[in-house]
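Colleague: Got a file for you: structure-v1.cif, mmCIF, C-alpha atoms and all ligand atoms.
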data_upload
loop_
_atom_site.label_atom_id
_atom_site.label_comp_id
_atom_site.auth_asym_id
_atom_site.auth_seq_id
_atom_site.Cartn_x
_atom_site.Cartn_y
_atom_site.Cartn_z
CA MET A 36 81.43 45.90 70.38
CA LEU A 37 81.54 45.22 66.66
CA ASN A 38 84.55 46.25 64.68
CA THR A 39 84.26 47.20 60.98
CA LYS A 40 85.30 43.76 59.84
CA ASN A 41 82.42 42.05 61.64
CA THR A 42 79.84 44.52 60.37
CA LYS A 43 80.90 43.73 56.80
CA LEU A 44 80.56 40.03 57.46
CA ILE A 45 77.00 40.46 58.76
CA THR A 46 76.05 42.51 55.68
CA LEU A 47 77.36 39.78 53.39
CA CYS A 48 75.39 37.14 55.27
CA LEU A 49 72.18 39.12 54.87
CA ILE A 50 72.74 39.43 51.12
CA GLY A 51 73.21 35.67 51.03
CA VAL A 52 69.85 35.20 52.73
CA PHE A 53 68.06 37.55 50.33
CA PHE A 54 69.47 35.99 47.19
CA ASN A 55 69.57 32.30 47.98
CA GLN A 56 67.34 31.09 50.75
CA HIS A 57 63.96 32.70 50.26
CA SER A 58 61.80 32.91 47.20
CA PHE A 59 60.09 36.26 47.63
CA ALA A 60 58.90 37.04 44.14
CA ASP A 61 58.09 33.57 42.70
CA ILE A 62 59.21 33.61 39.05
CA LYS A 63 56.52 32.07 36.82
CA LEU A 64 57.50 31.35 33.19
CA SER A 65 55.89 29.55 30.25
CA GLY A 66 57.85 28.42 27.17
CA GLU A 67 61.08 26.54 26.63
CA ILE A 68 64.51 27.83 27.68
CA LYS A 69 65.96 27.11 24.26
CA GLN A 70 67.55 28.96 21.31
CA GLY A 71 64.78 30.71 19.34
CA ALA A 72 62.19 30.39 22.13
CA LEU A 73 59.58 32.91 23.20
CA VAL A 74 58.98 32.97 26.96
CA ILE A 75 55.95 34.47 28.71
CA GLY A 76 56.28 35.51 32.35
CA LYS A 77 53.90 36.66 35.08
CA THR A 78 54.50 38.40 38.38
CA ALA A 79 52.80 40.93 40.67
CA ASN A 80 52.21 44.08 38.61
CA ASP A 81 54.04 46.35 41.08
CA ASN A 82 57.31 44.41 40.77
CA VAL A 83 60.13 45.46 38.42
CA VAL A 84 61.40 42.82 35.99
CA THR A 85 64.80 43.13 34.32
CA PHE A 86 66.40 40.88 31.70
CA ASP A 87 70.18 41.30 31.60
CA GLY A 88 69.72 44.59 33.45
CA LYS A 89 67.14 46.05 31.04
CA VAL A 90 63.64 46.71 32.36
CA LEU A 91 60.96 44.64 30.62
CA PRO A 92 57.55 46.29 30.16
CA LEU A 93 54.96 44.81 32.53
CA SER A 94 51.22 44.77 31.82
CA GLU A 95 48.60 45.76 34.40
CA TYR A 96 48.19 42.01 35.05
CA GLY A 97 51.95 41.51 35.51
CA ASP A 98 52.58 39.90 32.09
CA TYR A 99 55.97 40.19 30.39
CA VAL A 100 57.79 38.51 27.55
CA PHE A 101 61.31 37.90 26.25
CA GLY A 102 63.11 35.60 23.82
CA PHE A 103 66.36 33.93 22.85
CA SER A 104 67.89 34.40 19.40
CA ARG A 105 68.74 31.54 17.00
CA ASP A 106 72.38 31.32 18.06
CA ASP A 107 72.11 32.61 21.63
CA ASP A 108 74.88 30.95 23.68
CA LYS A 109 74.85 33.29 26.68
CA THR A 110 73.62 32.95 30.22
CA HIS A 111 70.95 35.54 30.99
CA GLN A 112 69.80 37.08 34.23
CA LEU A 113 66.12 37.52 34.96
CA MET A 114 65.68 39.63 38.08
CA ILE A 115 62.45 40.49 39.88
CA THR A 116 62.49 43.32 42.41
CA GLN A 117 59.60 43.84 44.78
CA PRO A 118 58.49 47.34 45.87
CA ASN A 119 60.25 46.77 49.24
CA GLY A 120 63.51 46.13 47.41
CA GLU A 121 63.62 42.37 47.85
CA LYS A 122 65.00 40.65 44.79
CA GLU A 123 64.83 37.25 43.13
CA LEU A 124 67.34 36.26 40.47
CA LYS A 125 66.99 33.43 37.96
CA THR A 126 69.79 32.60 35.53
CA LEU A 127 68.65 31.22 32.19
CA THR A 128 70.91 29.47 29.66
CA PRO A 129 69.06 28.56 26.44
CA LEU A 130 69.46 24.98 25.30
CA LYS A 131 71.53 24.66 22.10
CA ARG A 132 69.86 23.38 18.93
CA GLN A 133 71.08 21.62 15.80
CA TYR A 134 69.80 23.39 12.69
CA ASP A 135 69.41 21.84 9.27
CA ILE A 136 72.31 23.12 7.11
CA GLN A 137 72.24 22.36 3.37
CA ARG A 138 75.49 22.78 1.43
CA ILE A 139 75.02 23.31 -2.30
CA GLU A 140 78.00 23.72 -4.67
CA GLY A 141 78.18 24.83 -8.30
CA ILE A 142 75.56 27.60 -8.17
CA ALA A 143 75.73 29.92 -11.23
CA LYS A 144 77.20 33.42 -10.67
CA LYS A 145 73.95 35.05 -11.82
CA ILE A 146 72.06 33.54 -8.88
CA MET A 147 74.89 34.21 -6.43
CA ASN A 148 74.87 37.95 -7.28
CA PRO A 149 71.34 39.33 -7.72
CA ASN A 150 70.90 42.42 -9.90
CA PRO A 151 71.42 45.87 -8.26
CA LYS A 152 67.75 46.85 -8.72
CA ALA A 153 66.66 43.82 -6.69
CA VAL A 154 69.19 44.67 -3.99
CA THR A 155 67.93 48.29 -3.70
CA ARG A 156 64.29 47.17 -3.64
CA SER A 157 64.85 44.51 -0.99
CA LYS A 158 66.80 46.98 1.17
CA GLN A 159 63.79 49.38 1.09
CA ASP A 160 61.47 46.50 1.97
CA GLY A 161 63.76 45.48 4.81
CA ALA A 162 63.77 48.98 6.29
CA GLN A 163 59.96 49.15 6.19
CA VAL A 164 59.61 45.74 7.84
CA SER A 165 62.19 46.63 10.48
CA THR A 166 60.31 49.83 11.37
CA ALA A 167 57.05 47.88 11.75
CA ARG A 168 58.79 45.39 14.04
CA GLN A 169 60.04 48.19 16.34
CA THR A 170 56.45 48.82 17.45
CA LEU A 171 56.29 48.88 21.24
CA SER A 172 52.66 48.88 22.30
CA THR A 173 51.04 48.18 25.64
CA LYS A 174 48.85 45.45 24.13
CA THR A 175 49.03 42.18 26.08
CA ASP A 176 47.66 39.76 23.50
CA PHE A 177 50.93 37.77 23.50
CA ALA A 178 50.16 36.72 27.09
CA LYS A 179 47.18 34.58 25.99
CA GLY A 180 49.40 32.31 23.85
CA PHE A 181 49.31 31.55 20.13
CA ILE A 182 47.48 29.27 17.69
CA ALA A 183 48.78 28.03 14.32
CA PRO A 184 47.56 30.36 11.53
CA ILE A 185 46.68 27.46 9.19
CA THR A 186 46.54 23.67 9.42
CA GLY A 187 48.88 22.72 6.58
CA ILE A 188 51.84 20.34 6.52
CA ILE A 189 55.05 22.01 7.74
CA THR A 190 57.48 22.23 4.82
CA GLY A 191 60.14 24.55 6.23
CA VAL A 192 61.44 25.16 9.73
CA TYR A 193 63.09 27.94 11.74
CA GLY A 194 66.85 28.17 11.74
CA SER A 195 67.61 26.09 8.64
CA GLN A 196 70.29 27.51 6.38
CA ARG A 197 71.67 27.01 2.88
CA VAL A 198 75.33 27.40 2.05
CA PHE A 199 75.84 28.21 -1.65
CA ASN A 200 79.37 27.62 -2.97
CA GLY A 201 80.62 27.83 0.61
CA VAL A 202 78.84 31.17 1.31
CA PRO A 203 76.24 30.91 4.11
CA LYS A 204 72.91 32.54 3.20
CA ARG A 205 70.58 34.12 5.74
CA PRO A 206 68.96 31.43 7.86
CA HIS A 207 65.27 30.71 7.28
CA TYR A 208 63.37 32.25 10.18
CA GLY A 209 59.83 31.23 9.39
CA LEU A 210 57.66 28.21 9.79
CA ASP A 211 56.44 27.25 6.29
CA TYR A 212 53.05 25.62 5.88
CA ALA A 213 51.92 24.00 2.63
CA GLY A 214 48.70 25.54 1.32
CA LYS A 215 46.72 26.52 -1.76
CA THR A 216 46.37 30.07 -3.03
CA GLY A 217 43.32 31.55 -1.28
CA ASP A 218 43.46 29.33 1.84
CA PRO A 219 42.46 31.40 4.91
CA VAL A 220 45.22 32.63 7.25
CA LYS A 221 44.17 33.26 10.87
CA ALA A 222 45.68 35.68 13.38
CA PRO A 223 47.80 33.52 15.79
CA ALA A 224 46.92 35.96 18.61
CA ALA A 225 44.86 39.13 18.79
CA GLY A 226 46.60 42.34 17.83
CA THR A 227 46.82 45.37 15.57
CA VAL A 228 47.77 45.19 11.91
CA VAL A 229 50.83 47.43 11.69
CA MET A 230 51.84 46.77 8.07
CA PHE A 231 50.52 45.28 4.87
CA VAL A 232 52.40 45.62 1.58
CA SER A 233 51.10 43.59 -1.37
CA ASP A 234 54.30 43.35 -3.41
CA MET A 235 57.58 43.18 -1.53
CA PHE A 236 60.47 41.94 -3.67
CA TYR A 237 61.27 38.68 -1.87
CA SER A 238 58.31 38.21 0.45
CA GLY A 239 55.47 39.41 -1.85
CA GLY A 240 52.25 40.16 0.08
CA THR A 241 53.59 40.81 3.57
CA MET A 242 51.58 41.49 6.75
CA ILE A 243 52.79 42.32 10.26
CA ILE A 244 50.52 42.09 13.32
CA ASP A 245 51.52 43.62 16.68
CA HIS A 246 50.69 41.41 19.70
CA GLY A 247 52.22 43.82 22.25
CA HIS A 248 55.49 44.40 24.13
CA GLY A 249 57.54 44.07 20.90
CA ILE A 250 56.05 40.72 19.83
CA THR A 251 54.89 40.70 16.20
CA SER A 252 53.79 38.05 13.69
CA SER A 253 54.78 38.31 10.04
CA PHE A 254 53.06 36.53 7.13
CA LEU A 255 54.85 36.26 3.79
CA HIS A 256 53.85 35.46 0.17
CA LEU A 257 50.17 36.33 0.77
CA SER A 258 47.76 36.62 -2.19
CA LYS A 259 45.28 38.83 -0.36
CA SER A 260 44.64 40.80 2.82
CA TYR A 261 41.17 41.03 4.39
CA VAL A 262 42.26 43.75 6.83
CA LYS A 263 44.17 47.01 6.63
CA THR A 264 46.89 48.78 8.60
CA GLY A 265 45.47 50.00 11.92
CA ASP A 266 42.76 47.32 12.18
CA GLU A 267 42.34 45.45 15.45
CA VAL A 268 42.08 41.71 14.89
CA LYS A 269 40.88 38.87 17.14
CA LYS A 270 42.77 35.64 17.79
CA GLY A 271 41.65 33.17 15.09
CA GLN A 272 40.17 35.87 12.81
CA VAL A 273 40.84 35.29 9.10
CA VAL A 274 43.12 38.17 8.10
CA ALA A 275 44.67 37.09 4.80
CA ALA A 276 44.92 34.40 2.12
CA VAL A 277 47.82 32.07 1.25
CA GLY A 278 49.65 32.90 -1.97
CA SER A 279 52.88 32.57 -3.92
CA SER A 280 53.73 36.26 -4.31
CA GLY A 281 57.36 37.41 -4.18
CA ARG A 282 60.24 35.00 -4.79
CA THR A 283 58.88 31.57 -4.02
CA THR A 284 58.54 28.18 -5.70
CA GLY A 285 54.83 27.79 -5.00
CA PRO A 286 51.93 28.73 -2.72
CA HIS A 287 52.66 28.38 1.00
CA LEU A 288 52.43 30.41 4.19
CA ASP A 289 55.63 31.59 5.86
CA TRP A 290 54.80 32.65 9.46
CA ARG A 291 57.37 34.42 11.58
CA ILE A 292 57.45 35.63 15.18
CA ASN A 293 59.63 38.53 16.26
CA TRP A 294 60.61 40.15 19.55
CA PHE A 295 61.42 43.59 18.15
CA ASN A 296 64.09 42.74 15.56
CA MET A 297 64.99 39.40 17.11
CA ARG A 298 63.67 36.41 15.16
CA LEU A 299 61.98 33.75 17.26
CA ASP A 300 60.74 30.27 16.35
CA PRO A 301 56.93 30.17 15.83
CA ALA A 302 56.97 26.44 16.68
CA LEU A 303 58.35 27.32 20.13
CA ALA A 304 56.01 30.31 20.52
CA LEU A 305 53.12 27.81 20.21
CA LYS A 306 54.46 26.11 23.37
CA ALA A 307 54.27 29.26 25.52
CA VAL A 308 50.80 29.27 27.08
CA ALA A 309 48.86 31.75 29.18
CA ILE A 310 49.87 31.74 32.86
CA LYS A 311 46.96 31.81 35.35
ZN ZN B 401 59.64 30.30 4.30
#
Here is the file; what I need is its structure written in the form of structure tokens.

Modeller:
Amino acid sequence: MLNTKNTKLITLCLIGVFFNQHSFADIKLSGEIKQGALVIGKTANDNVVTFDGKVLPLSEYGDYVFGFSRDDDKTHQLMITQPNGEKELKTLTPLKRQYDIQRIEGIAKKIMNPNPKAVTRSKQDGAQVSTARQTLSTKTDFAKGFIAPITGIITGVYGSQRVFNGVPKRPHYGLDYAGKTGDPVKAPAAGTVVMFVSDMFYSGGTMIIDHGHGITSSFLHLSKSYVKTGDEVKKGQVVAAVGSSGRTTGPHLDWRINWFNMRLDPALALKAVAIK
């Protein structure tokens, strides 16, 4: 006859079997496990996927997506639960990166403290952009991967930061491409245009495209938009033109990728490909 102690032991052994020895749900991922990375996943569409305990939306084809922030130094838990309750757990620790930090001393006070009007204006812009990035749609265009929006030389990278007179400024979250005013900008993935504003204070002509499940692309400093809010766009479709609007030193395209309000690295998003 089993006493209570033995029953407990058997239960523990069974849990061990479920978690460690069998791979029931087969976790398929594409993208790097690195700070700033976008990761695409695929599983059976009747499974439940959680990331650190939060349920990730799953498409009808079983596609899901998540990302790691610029300075993410945590270990995350990706858990897949099958309809019969069997679970598979994968722990993910993003690889640390070295970002380019530029220290500049002796900046004039006037530049250090922008005028109050500019501050108010940029706060309004920020709120509008943030709202657009909260879009949670059931689109699954992110799952087909991304293409570069233009073919210019890269002049600015994700994560770099300037420190003025010892005060760290906001890191640069985009991928900057050199270009001429009027050069065509293509949609990196299909999606819906969720915002276009022609004259934001810092970012000038600014467009946001929703690729689904909280993934959006932003384009900054545009001179022109060929589409309007609400339009559906195809991957590779010309949607805008390069410009130098807003606060910038010259014409270029600044492309950003967001997972809701988390900034991801477009260069790493390009490495996440569609999973068959
Ligand atoms: Zn930029």

Colleague: Can you pull out every residue with an atom within 7 Å of ligand ZN 401 (chain B)? Use only C-alpha atoms and all ligand atoms and format it as a PyMOL selection string.

Modeller: chain A and resi 191+207+209-211+289

Colleague: Could you name the residues that touch Asn148 of chain A at 12 Å or less, counting all atoms listed in the file, but leaving out those on the same chain fewer than 4 positions away, as a ChimeraX atom specification?

Modeller: /A:142-144,152-154,199,202,204

Colleague: Between atom CA of Lys174 of chain A and atom CA of Arg291 of chain A, what is the distance, to one decimal in Å?

Modeller: 18.8 Å

Colleague: Between atom CA of Ile244 of chain A and atom CA of Asn80 of chain A, what is the spacing in Å?

Modeller: 25.4 Å

Colleague: Which of these, A:Ala167, A:Ile188, A:Ala276, A:Val308, has the shortest distance to Asn293 of chain A once you count all atoms listed in the file?

Modeller: A:Ala167

Colleague: Quick one: what's the axis-aligned box for segment 182-187 of chain A, all listed atoms, 8 Å on every side, centre and edges in Å to one decimal, as JSON?

Modeller:
{"center_x": 47.7, "center_y": 26.5, "center_z": 12.1, "size_x": 18.3, "size_y": 23.6, "size_z": 27.1}

Colleague: Could you pull the residues within 10 Å of Pro184 of chain A, counting only C-alpha atoms, minus those fewer than 6 positions along the same chain, as a compact mmCIF listing (two decimals) with C-alpha atoms, in the frame of the given file?

Modeller:
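Result went into out.txt, see below:
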# COMPACT_ATOMS: atom_id res chain seq x y z
CA TYR A 212 53.05 25.62 5.88
CA PRO A 219 42.46 31.40 4.91
CA VAL A 220 45.22 32.63 7.25
CA LYS A 221 44.17 33.26 10.87
CA ALA A 222 45.68 35.68 13.38
CA PRO A 223 47.80 33.52 15.79
CA ALA A 224 46.92 35.96 18.61
CA PHE A 254 53.06 36.53 7.13
CA LYS A 270 42.77 35.64 17.79
CA GLY A 271 41.65 33.17 15.09
CA GLN A 272 40.17 35.87 12.81
CA VAL A 273 40.84 35.29 9.10
CA VAL A 274 43.12 38.17 8.10
CA ALA A 275 44.67 37.09 4.80
CA LEU A 288 52.43 30.41 4.19
CA ASP A 289 55.63 31.59 5.86
CA TRP A 290 54.80 32.65 9.46
